[in-house]
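Below is one structure, written out as structure tokens; the observations come after it.
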Number of protein chains: 2
Amino acid sequence: MSRFSFNQITAKHWDLVDLVKGLVEADVDKVALWREPVAEYGLERSAALVRDAGLEVTTLCRSGFFQEPGWFDDNRRAIDEAAALGTGVLVLVSGGLPHGSKDIKGARQHVADAIAQLVPHATNAGVTLAIEPLHPMYAADRCVINTWDQAMAIASAFPSDQVGVTVDTYHLWWDDTVLDKIEQAGDRIAIYQLADWITPLPAGVLTGRGLPGDGCVDIAAFNAAVEKAGYTGPIEVEVMNEELWQRPGREILAAAYSGYSGDIDPAKSTP
Amino acid sequence: MSRFSFNQITAKHWDLVDLVKGLVEADVDKVALWREPVAEYGLERSAALVRDAGLEVTTLCRSGFFQEPGWFDDNRRAIDEAAALGTGVLVLVSGGLPHGSKDIKGARQHVADAIAQLVPHATNAGVTLAIEPLHPMYAADRCVINTWDQAMAIASAFPSDQVGVTVDTYHLWWDDTVLDKIEQAGDRIAIYQLADWITPLPAGVLTGRGLPGDGCVDIAAFNAAVEKAGYTGPIEVEVMNEELWQRPGREILAAAYSGYSGDIDPAKSTP
């Protein structure tokens, strides 16, 4: 079977029912789900929908945001949701600085403390917490964990089936030291996600990512590094892009698969 | 005398003659100049203008862009311009990836090679090349040197009066390891520049910087780190911000000085 998994955000406006149908029709058997559309359709209904379709849920995206009040209860709910959906991986976006704060060191320590508090519940639920280092341009408002080293420093206090790291090419590509470190990461890689870096960045810098192959990231080098680490799990295509989102879901799926397969020949772009 | 230096780009639309007049009237004796407005007014005329006004030129901004054809001649000209303006520091923004390239490692090696080729001319001219690590969000299109370590690795092959590093709070604040490294940098710090991180970022992510104190950067911590390194040189306020640029030059200068002095009381905002 293909290791390709379609991350739901890549077709943000594709209705969950249609998405599942589209995946089945395209013989894609893996999907990453997002909490908001799952909640909208209903957790149990969503779980039944993907289960009945024979889909493997590779991750639930995303929890974290530890600087928000109520983070503890919300993250416990997210863990329960992941378990209900049958996925063993919950992606964590750790949150930015509290409003008005200049204490990034303190915010980072809080993330480590928060994750430690969540580990028992996650372990009981059979869910690995997958810390995602986000690009440094998100340090203020979205995630204070910005490098591989920071994520690993937190994760390595726990067994790798309890806390892992999310490898996302978009967030890590600029780091001249990261490929060597990924190669040494062993089973600490909880999930591997693909997106490409394209410029110019749009305002807000959230929705200007490229499909794999459309930008300047050497994705083949990342593929080689995760392989060298021994990672054999799913490979998600996770792209947030306003223009892409305007296209029909099936087209986006086909484009994502093309990006995953490294084959950008349009004649071969159907999964 | 104050260590405050006003970087010309902070008041991008302030005519050079008016800028010099405004600095003198505000008792500011240091300025950082940019190549384009200097060229527009004329190199020799600009040099005479600042010299006659008793201004110290703390840096010339900026050269580099080593992925451009003609980088060698252009950088040699920039070195000559710096010398003509009487500054000993030329800031280097090293350039992004060549069009269509995914080889960031190769681009970085080329930067190191290019700087090595420029050192003899710079040394003869008495100009220190000040490598500026730019925020990782500029890695593709503006500068492939994105961390303190990368800049130091290139600089440390040369004496510190030949090749140094530019410490800019805007570009480095997110790095959890950088303050400790700056403390150990000794005379490798060629110039120290202040700007603050504010969100949301504008499209293109170039002109959305904040005045010192307006964002989430712990500038006091950077001040302490450069002091611990033994740096006693000028402190430039260098802010690119579309809204700020719409204000009159004198107001911008006053706001920049307030940011520098850490005193944001408007009643005390005149240098």
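Residue numbering restarts at 1 in every chain; chains get A, B, ... in the order shown in the structure tokens, and ligands count up from 1 in that same order.
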
- prompt: Hey, what's within 9 Å of A:Ala112 if we count only C-alpha atoms and toss same-chain stuff fewer than 4 positions away? As a list of chain:residue names, please?
  reply: A:Ala107, A:Arg108, A:Ala116, A:Gln117, A:Ala153, A:Ile154, A:Ala155

Please write the residues from the selection above to a file, keeping all heavy atoms, as an mmCIF file, in the first residue's frame.
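As a result, selection.cif now contains:
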data_model
loop_
_atom_site.group_PDB
_atom_site.id
_atom_site.type_symbol
_atom_site.label_atom_id
_atom_site.label_comp_id
_atom_site.auth_asym_id
_atom_site.auth_seq_id
_atom_site.Cartn_x
_atom_site.Cartn_y
_atom_site.Cartn_z
ATOM 1 N N ALA A 107 7.678 30.847 28.307
ATOM 2 C CA ALA A 107 6.628 30.186 27.519
ATOM 3 C C ALA A 107 7.082 28.797 27.087
ATOM 4 O O ALA A 107 6.296 27.842 27.072
ATOM 5 C CB ALA A 107 6.273 31.041 26.303
ATOM 6 N N ARG A 108 8.369 28.691 26.756
ATOM 7 C CA ARG A 108 8.887 27.388 26.321
ATOM 8 C C ARG A 108 8.921 26.396 27.489
ATOM 9 O O ARG A 108 8.602 25.216 27.318
ATOM 10 C CB ARG A 108 10.283 27.587 25.697
ATOM 11 C CG ARG A 108 10.175 28.180 24.313
ATOM 12 C CD ARG A 108 11.471 28.740 23.772
ATOM 13 N NE ARG A 108 11.305 29.050 22.349
ATOM 14 C CZ ARG A 108 12.091 29.844 21.638
ATOM 15 N NH1 ARG A 108 13.119 30.437 22.209
ATOM 16 N NH2 ARG A 108 11.855 30.063 20.364
ATOM 17 N N ALA A 116 4.295 17.363 29.931
ATOM 18 C CA ALA A 116 4.510 16.376 31.001
ATOM 19 C C ALA A 116 3.202 16.072 31.740
ATOM 20 O O ALA A 116 2.939 14.919 32.107
ATOM 21 C CB ALA A 116 5.569 16.892 31.975
ATOM 22 N N GLN A 117 2.387 17.080 31.909
ATOM 23 C CA GLN A 117 1.111 16.872 32.601
ATOM 24 C C GLN A 117 0.117 16.076 31.763
ATOM 25 O O GLN A 117 -0.807 15.465 32.298
ATOM 26 C CB GLN A 117 0.497 18.218 32.995
ATOM 27 C CG GLN A 117 1.238 18.918 34.125
ATOM 28 C CD GLN A 117 0.571 20.232 34.498
ATOM 29 O OE1 GLN A 117 -0.606 20.264 34.864
ATOM 30 N NE2 GLN A 117 1.304 21.326 34.393
ATOM 31 N N ALA A 153 14.281 18.024 22.829
ATOM 32 C CA ALA A 153 14.627 18.189 24.238
ATOM 33 C C ALA A 153 13.418 17.885 25.128
ATOM 34 O O ALA A 153 13.550 17.297 26.203
ATOM 35 C CB ALA A 153 15.139 19.613 24.497
ATOM 36 N N ILE A 154 12.254 18.282 24.662
ATOM 37 C CA ILE A 154 11.036 17.988 25.439
ATOM 38 C C ILE A 154 10.668 16.514 25.297
ATOM 39 O O ILE A 154 10.376 15.831 26.282
ATOM 40 C CB ILE A 154 9.870 18.885 24.967
ATOM 41 C CG1 ILE A 154 10.196 20.361 25.223
ATOM 42 C CG2 ILE A 154 8.573 18.486 25.687
ATOM 43 C CD1 ILE A 154 9.188 21.327 24.630
ATOM 44 N N ALA A 155 10.690 16.021 24.067
ATOM 45 C CA ALA A 155 10.226 14.652 23.823
ATOM 46 C C ALA A 155 11.100 13.616 24.519
ATOM 47 O O ALA A 155 10.595 12.601 25.026
ATOM 48 C CB ALA A 155 10.185 14.380 22.317
#

- request: Hey, list the chain A side of the contact with chain B: 6 Å cut-off, only C-alpha atoms, answer as a PyMOL selection string.
  value: chain A and resi 102+200-204+216-218

- line: Residue with the minimum atom-to-atom distance to A:Asp29, picked from A:Leu129, A:Leu118, A:Leu55, A:Leu43 with only C-alpha atoms counted, is A:Leu55

field: Residue set, stretch 30-249 of chain B restricted to alpha helix (DSSP H), as a VMD selection string
entry: chain B and resid 35 to 41 43 to 52 71 to 85 104 to 125 148 to 155 169 to 172 178 to 183 219 to 228 242 to 245 249

Could you save those same residues with C-alpha atoms as an mmCIF file, in the first residue's frame?
data_model
loop_
_atom_site.group_PDB
_atom_site.id
_atom_site.type_symbol
_atom_site.label_atom_id
_atom_site.label_comp_id
_atom_site.auth_asym_id
_atom_site.auth_seq_id
_atom_site.Cartn_x
_atom_site.Cartn_y
_atom_site.Cartn_z
ATOM 1 C CA ARG B 35 23.515 52.521 -0.641
ATOM 2 C CA GLU B 36 20.540 53.530 -2.803
ATOM 3 C CA PRO B 37 19.854 56.990 -1.310
ATOM 4 C CA VAL B 38 23.604 57.640 -1.118
ATOM 5 C CA ALA B 39 23.945 56.818 -4.808
ATOM 6 C CA GLU B 40 20.986 59.011 -5.598
ATOM 7 C CA TYR B 41 22.500 62.032 -3.847
ATOM 8 C CA LEU B 43 28.647 59.292 -3.099
ATOM 9 C CA GLU B 44 31.112 62.156 -2.712
ATOM 10 C CA ARG B 45 28.371 64.673 -1.948
ATOM 11 C CA SER B 46 26.879 62.324 0.656
ATOM 12 C CA ALA B 47 30.282 61.804 2.248
ATOM 13 C CA ALA B 48 30.875 65.554 2.427
ATOM 14 C CA LEU B 49 27.364 66.157 3.774
ATOM 15 C CA VAL B 50 27.708 63.816 6.737
ATOM 16 C CA ARG B 51 31.344 64.787 7.364
ATOM 17 C CA ASP B 52 30.542 68.497 7.435
ATOM 18 C CA TRP B 71 28.086 40.099 -7.086
ATOM 19 C CA PHE B 72 31.856 40.379 -7.039
ATOM 20 C CA ASP B 73 32.119 43.771 -8.689
ATOM 21 C CA ASP B 74 29.076 45.092 -6.886
ATOM 22 C CA ASN B 75 30.427 44.115 -3.494
ATOM 23 C CA ARG B 76 33.798 45.649 -4.245
ATOM 24 C CA ARG B 77 32.015 48.871 -5.133
ATOM 25 C CA ALA B 78 30.085 48.680 -1.863
ATOM 26 C CA ILE B 79 33.340 48.312 0.060
ATOM 27 C CA ASP B 80 34.709 51.403 -1.692
ATOM 28 C CA GLU B 81 31.514 53.292 -0.900
ATOM 29 C CA ALA B 82 31.772 52.383 2.766
ATOM 30 C CA ALA B 83 35.342 53.614 2.863
ATOM 31 C CA ALA B 84 34.408 56.844 1.081
ATOM 32 C CA LEU B 85 31.638 57.478 3.618
ATOM 33 C CA ILE B 104 20.438 25.696 -0.043
ATOM 34 C CA LYS B 105 23.583 23.928 1.131
ATOM 35 C CA GLY B 106 25.349 24.899 -2.066
ATOM 36 C CA ALA B 107 24.088 28.470 -1.803
ATOM 37 C CA ARG B 108 25.501 28.684 1.713
ATOM 38 C CA GLN B 109 28.866 27.384 0.626
ATOM 39 C CA HIS B 110 28.903 29.972 -2.144
ATOM 40 C CA VAL B 111 28.349 32.725 0.431
ATOM 41 C CA ALA B 112 31.359 31.561 2.400
ATOM 42 C CA ASP B 113 33.458 31.398 -0.758
ATOM 43 C CA ALA B 114 32.306 34.824 -1.920
ATOM 44 C CA ILE B 115 33.128 36.465 1.395
ATOM 45 C CA ALA B 116 36.586 34.899 1.327
ATOM 46 C CA GLN B 117 37.134 36.435 -2.093
ATOM 47 C CA LEU B 118 36.095 39.881 -0.847
ATOM 48 C CA VAL B 119 38.154 39.969 2.319
ATOM 49 C CA PRO B 120 41.408 41.210 0.739
ATOM 50 C CA HIS B 121 39.724 44.224 -0.837
ATOM 51 C CA ALA B 122 37.765 44.977 2.324
ATOM 52 C CA THR B 123 40.865 44.718 4.466
ATOM 53 C CA ASN B 124 42.771 47.082 2.197
ATOM 54 C CA ALA B 125 39.900 49.536 2.460
ATOM 55 C CA TRP B 148 24.152 33.000 14.545
ATOM 56 C CA ASP B 149 26.096 29.780 14.146
ATOM 57 C CA GLN B 150 26.122 29.995 10.361
ATOM 58 C CA ALA B 151 27.380 33.576 10.393
ATOM 59 C CA MET B 152 30.030 32.786 12.990
ATOM 60 C CA ALA B 153 31.212 29.732 11.097
ATOM 61 C CA ILE B 154 31.989 31.931 8.108
ATOM 62 C CA ALA B 155 33.361 34.866 10.070
ATOM 63 C CA THR B 169 17.231 41.579 17.451
ATOM 64 C CA TYR B 170 14.505 41.183 14.837
ATOM 65 C CA HIS B 171 16.275 38.348 13.084
ATOM 66 C CA LEU B 172 17.614 36.463 16.083
ATOM 67 C CA VAL B 178 21.511 32.866 20.708
ATOM 68 C CA LEU B 179 21.899 34.955 23.853
ATOM 69 C CA ASP B 180 24.475 32.612 25.345
ATOM 70 C CA LYS B 181 26.370 32.623 22.071
ATOM 71 C CA ILE B 182 26.322 36.408 21.748
ATOM 72 C CA GLU B 183 27.731 36.679 25.263
ATOM 73 C CA ILE B 219 15.540 43.720 24.003
ATOM 74 C CA ALA B 220 16.902 44.205 27.510
ATOM 75 C CA ALA B 221 18.176 40.630 27.352
ATOM 76 C CA PHE B 222 19.945 41.338 24.046
ATOM 77 C CA ASN B 223 21.418 44.540 25.489
ATOM 78 C CA ALA B 224 22.781 42.536 28.390
ATOM 79 C CA ALA B 225 24.229 39.875 26.079
ATOM 80 C CA VAL B 226 26.106 42.288 23.805
ATOM 81 C CA GLU B 227 27.369 44.135 26.874
ATOM 82 C CA LYS B 228 28.617 40.891 28.357
ATOM 83 C CA GLU B 242 5.068 50.983 6.045
ATOM 84 C CA GLU B 243 2.989 52.873 8.605
ATOM 85 C CA LEU B 244 6.007 54.346 10.326
ATOM 86 C CA TRP B 245 7.368 55.483 6.962
ATOM 87 C CA GLY B 249 11.115 62.208 9.587
#

- request: Determine which residues of stretch 169-227 of chain A receive a DSSP assignment of strand (DSSP E), computed from the backbone, and state them as a list of chain:residue names.
  value: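 Taking stretch 169-227 of chain A and keeping strand (DSSP E) only, one gets A:Ile189, A:Ala190, A:Ile191, A:Tyr192, A:Gln193, A:Leu194, A:Asp196, A:Trp197, A:Arg209, A:Gly210.
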
Please produce a file of those selected residues containing all heavy atoms, as a PDB file, in the first residue's frame.
ATOM      1  N   ILE A 189      10.385   9.962  15.420  1.00  0.00           N
ATOM      2  CA  ILE A 189       9.549  10.600  14.396  1.00  0.00           C
ATOM      3  C   ILE A 189       8.144  10.012  14.472  1.00  0.00           C
ATOM      4  O   ILE A 189       7.923   8.844  14.142  1.00  0.00           O
ATOM      5  CB  ILE A 189      10.139  10.388  12.985  1.00  0.00           C
ATOM      6  CG1 ILE A 189      11.558  10.965  12.914  1.00  0.00           C
ATOM      7  CG2 ILE A 189       9.233  11.011  11.924  1.00  0.00           C
ATOM      8  CD1 ILE A 189      12.307  10.592  11.638  1.00  0.00           C
ATOM      9  N   ALA A 190       7.197  10.833  14.907  1.00  0.00           N
ATOM     10  CA  ALA A 190       5.823  10.352  15.071  1.00  0.00           C
ATOM     11  C   ALA A 190       5.037  10.450  13.774  1.00  0.00           C
ATOM     12  O   ALA A 190       4.136   9.641  13.529  1.00  0.00           O
ATOM     13  CB  ALA A 190       5.123  11.141  16.175  1.00  0.00           C
ATOM     14  N   ILE A 191       5.366  11.439  12.974  1.00  0.00           N
ATOM     15  CA  ILE A 191       4.678  11.603  11.693  1.00  0.00           C
ATOM     16  C   ILE A 191       5.557  12.471  10.790  1.00  0.00           C
ATOM     17  O   ILE A 191       6.344  13.285  11.279  1.00  0.00           O
ATOM     18  CB  ILE A 191       3.266  12.224  11.865  1.00  0.00           C
ATOM     19  CG1 ILE A 191       2.500  12.255  10.532  1.00  0.00           C
ATOM     20  CG2 ILE A 191       3.351  13.636  12.447  1.00  0.00           C
ATOM     21  CD1 ILE A 191       2.133  10.887   9.970  1.00  0.00           C
ATOM     22  N   TYR A 192       5.391  12.277   9.507  1.00  0.00           N
ATOM     23  CA  TYR A 192       6.183  13.005   8.508  1.00  0.00           C
ATOM     24  C   TYR A 192       5.213  13.709   7.562  1.00  0.00           C
ATOM     25  O   TYR A 192       4.342  13.071   6.973  1.00  0.00           O
ATOM     26  CB  TYR A 192       7.078  12.008   7.767  1.00  0.00           C
ATOM     27  CG  TYR A 192       7.911  12.555   6.642  1.00  0.00           C
ATOM     28  CD1 TYR A 192       8.558  13.793   6.748  1.00  0.00           C
ATOM     29  CD2 TYR A 192       8.089  11.838   5.461  1.00  0.00           C
ATOM     30  CE1 TYR A 192       9.335  14.286   5.722  1.00  0.00           C
ATOM     31  CE2 TYR A 192       8.884  12.323   4.431  1.00  0.00           C
ATOM     32  CZ  TYR A 192       9.499  13.547   4.565  1.00  0.00           C
ATOM     33  OH  TYR A 192      10.267  14.047   3.545  1.00  0.00           O
ATOM     34  N   GLN A 193       5.363  15.029   7.468  1.00  0.00           N
ATOM     35  CA  GLN A 193       4.439  15.845   6.675  1.00  0.00           C
ATOM     36  C   GLN A 193       5.192  16.640   5.609  1.00  0.00           C
ATOM     37  O   GLN A 193       6.270  17.158   5.868  1.00  0.00           O
ATOM     38  CB  GLN A 193       3.694  16.826   7.599  1.00  0.00           C
ATOM     39  CG  GLN A 193       2.835  16.135   8.655  1.00  0.00           C
ATOM     40  CD  GLN A 193       2.128  17.114   9.575  1.00  0.00           C
ATOM     41  OE1 GLN A 193       2.660  18.187   9.886  1.00  0.00           O
ATOM     42  NE2 GLN A 193       0.939  16.753  10.032  1.00  0.00           N
ATOM     43  N   LEU A 194       4.574  16.748   4.445  1.00  0.00           N
ATOM     44  CA  LEU A 194       5.187  17.454   3.318  1.00  0.00           C
ATOM     45  C   LEU A 194       4.434  18.731   2.966  1.00  0.00           C
ATOM     46  O   LEU A 194       3.206  18.730   2.839  1.00  0.00           O
ATOM     47  CB  LEU A 194       5.200  16.574   2.063  1.00  0.00           C
ATOM     48  CG  LEU A 194       5.846  15.195   2.132  1.00  0.00           C
ATOM     49  CD1 LEU A 194       5.790  14.539   0.749  1.00  0.00           C
ATOM     50  CD2 LEU A 194       7.270  15.286   2.641  1.00  0.00           C
ATOM     51  N   ASP A 196       5.775  22.603   0.692  1.00  0.00           N
ATOM     52  CA  ASP A 196       6.923  23.266   0.092  1.00  0.00           C
ATOM     53  C   ASP A 196       6.888  24.764   0.401  1.00  0.00           C
ATOM     54  O   ASP A 196       5.837  25.320   0.731  1.00  0.00           O
ATOM     55  CB  ASP A 196       6.936  23.024  -1.426  1.00  0.00           C
ATOM     56  CG  ASP A 196       8.353  22.869  -1.972  1.00  0.00           C
ATOM     57  OD1 ASP A 196       9.270  23.482  -1.392  1.00  0.00           O
ATOM     58  OD2 ASP A 196       8.518  22.141  -2.962  1.00  0.00           O
ATOM     59  N   TRP A 197       8.051  25.368   0.299  1.00  0.00           N
ATOM     60  CA  TRP A 197       8.194  26.805   0.601  1.00  0.00           C
ATOM     61  C   TRP A 197       8.138  27.595  -0.697  1.00  0.00           C
ATOM     62  O   TRP A 197       8.977  27.399  -1.577  1.00  0.00           O
ATOM     63  CB  TRP A 197       9.532  27.059   1.305  1.00  0.00           C
ATOM     64  CG  TRP A 197       9.686  28.459   1.792  1.00  0.00           C
ATOM     65  CD1 TRP A 197      10.163  29.522   1.077  1.00  0.00           C
ATOM     66  CD2 TRP A 197       9.358  28.955   3.090  1.00  0.00           C
ATOM     67  NE1 TRP A 197      10.142  30.653   1.856  1.00  0.00           N
ATOM     68  CE2 TRP A 197       9.653  30.340   3.094  1.00  0.00           C
ATOM     69  CE3 TRP A 197       8.830  28.378   4.249  1.00  0.00           C
ATOM     70  CZ2 TRP A 197       9.449  31.140   4.219  1.00  0.00           C
ATOM     71  CZ3 TRP A 197       8.636  29.179   5.359  1.00  0.00           C
ATOM     72  CH2 TRP A 197       8.936  30.534   5.346  1.00  0.00           C
ATOM     73  N   ARG A 209       1.525  28.192   1.550  1.00  0.00           N
ATOM     74  CA  ARG A 209       2.430  27.052   1.382  1.00  0.00           C
ATOM     75  C   ARG A 209       2.257  26.423   0.001  1.00  0.00           C
ATOM     76  O   ARG A 209       1.211  26.566  -0.621  1.00  0.00           O
ATOM     77  CB  ARG A 209       2.168  26.032   2.494  1.00  0.00           C
ATOM     78  CG  ARG A 209       2.301  26.687   3.856  1.00  0.00           C
ATOM     79  CD  ARG A 209       2.108  25.773   5.032  1.00  0.00           C
ATOM     80  NE  ARG A 209       2.043  26.607   6.250  1.00  0.00           N
ATOM     81  CZ  ARG A 209       1.849  26.136   7.479  1.00  0.00           C
ATOM     82  NH1 ARG A 209       1.703  24.845   7.675  1.00  0.00           N
ATOM     83  NH2 ARG A 209       1.804  26.966   8.504  1.00  0.00           N
ATOM     84  N   GLY A 210       3.277  25.727  -0.423  1.00  0.00           N
ATOM     85  CA  GLY A 210       3.236  25.111  -1.742  1.00  0.00           C
ATOM     86  C   GLY A 210       3.073  23.610  -1.668  1.00  0.00           C
ATOM     87  O   GLY A 210       3.449  22.969  -0.681  1.00  0.00           O
TER      88      GLY A 210
END

Could you list, as a compact mmCIF listing (two decimals) with N, CA, C and O atoms, in the first residue's frame, every residue within 12 Å of A:Pro248, counting only C-alpha atoms and ignoring same-chain residues fewer than 4 positions away?
# COMPACT_ATOMS: atom_id res chain seq x y z
N THR A 10 -5.54 20.35 3.54
CA THR A 10 -5.09 20.62 2.17
C THR A 10 -6.28 20.91 1.25
O THR A 10 -6.15 21.63 0.26
N ALA A 11 -7.44 20.35 1.62
CA ALA A 11 -8.69 20.68 0.91
C ALA A 11 -9.68 21.20 1.96
O ALA A 11 -10.67 20.55 2.29
N LYS A 12 -9.37 22.35 2.48
CA LYS A 12 -10.08 22.87 3.66
C LYS A 12 -11.60 22.93 3.47
O LYS A 12 -12.35 22.74 4.42
N HIS A 13 -12.02 23.23 2.25
CA HIS A 13 -13.46 23.43 2.05
C HIS A 13 -14.16 22.18 1.53
O HIS A 13 -15.32 22.23 1.15
N TRP A 14 -13.45 21.07 1.51
CA TRP A 14 -14.07 19.81 1.06
C TRP A 14 -14.80 19.21 2.25
O TRP A 14 -14.20 18.87 3.27
N ASP A 15 -16.08 19.09 2.10
CA ASP A 15 -16.94 18.51 3.13
C ASP A 15 -16.44 17.11 3.53
O ASP A 15 -15.99 16.34 2.67
N ASP A 18 -17.83 14.14 1.60
CA ASP A 18 -17.30 14.11 0.22
C ASP A 18 -15.82 13.74 0.20
O ASP A 18 -15.36 13.05 -0.71
N LEU A 19 -15.10 14.22 1.18
CA LEU A 19 -13.67 13.89 1.28
C LEU A 19 -13.48 12.38 1.39
O LEU A 19 -12.68 11.78 0.65
N GLY A 22 -14.30 10.76 -1.82
CA GLY A 22 -13.26 11.04 -2.79
C GLY A 22 -12.00 10.21 -2.57
O GLY A 22 -11.37 9.74 -3.52
N GLU A 243 -5.19 29.75 -2.68
CA GLU A 243 -5.55 29.47 -4.08
C GLU A 243 -5.89 28.01 -4.29
O GLU A 243 -6.87 27.67 -4.97
N LEU A 244 -5.10 27.15 -3.68
CA LEU A 244 -5.37 25.71 -3.78
C LEU A 244 -6.76 25.39 -3.24
O LEU A 244 -7.50 24.58 -3.82
N ILE A 252 -7.56 18.78 -5.87
CA ILE A 252 -6.55 19.01 -4.83
C ILE A 252 -5.92 17.68 -4.41
O ILE A 252 -4.69 17.58 -4.27
N LEU A 253 -6.75 16.68 -4.25
CA LEU A 253 -6.25 15.35 -3.87
C LEU A 253 -5.26 14.83 -4.92
O LEU A 253 -4.18 14.33 -4.59
N ALA A 254 -5.64 14.98 -6.18
CA ALA A 254 -4.75 14.51 -7.25
C ALA A 254 -3.43 15.28 -7.25
O ALA A 254 -2.35 14.71 -7.41
N ALA A 255 -3.52 16.59 -7.03
CA ALA A 255 -2.31 17.42 -7.01
C ALA A 255 -1.43 17.05 -5.81
O ALA A 255 -0.20 17.00 -5.92

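Atom CA of B:Pro133 is found 7.8 Å from atom CA of B:Val167.
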
- prompt: Which residues, written as a list of chain:residue names, have at least one atom at most 10 Å from A:Met1, with only C-alpha atoms counted and residues fewer than 3 positions away on the same chain left out?
  reply: A:Phe4, A:Asp27, A:Val28, A:Asp29, A:Lys30

- prompt: Using only C-alpha atoms, which of A:Gln67, A:Gln184, A:Thr58, A:Ser5 sits nearest A:Thr87?
  reply: A:Thr58
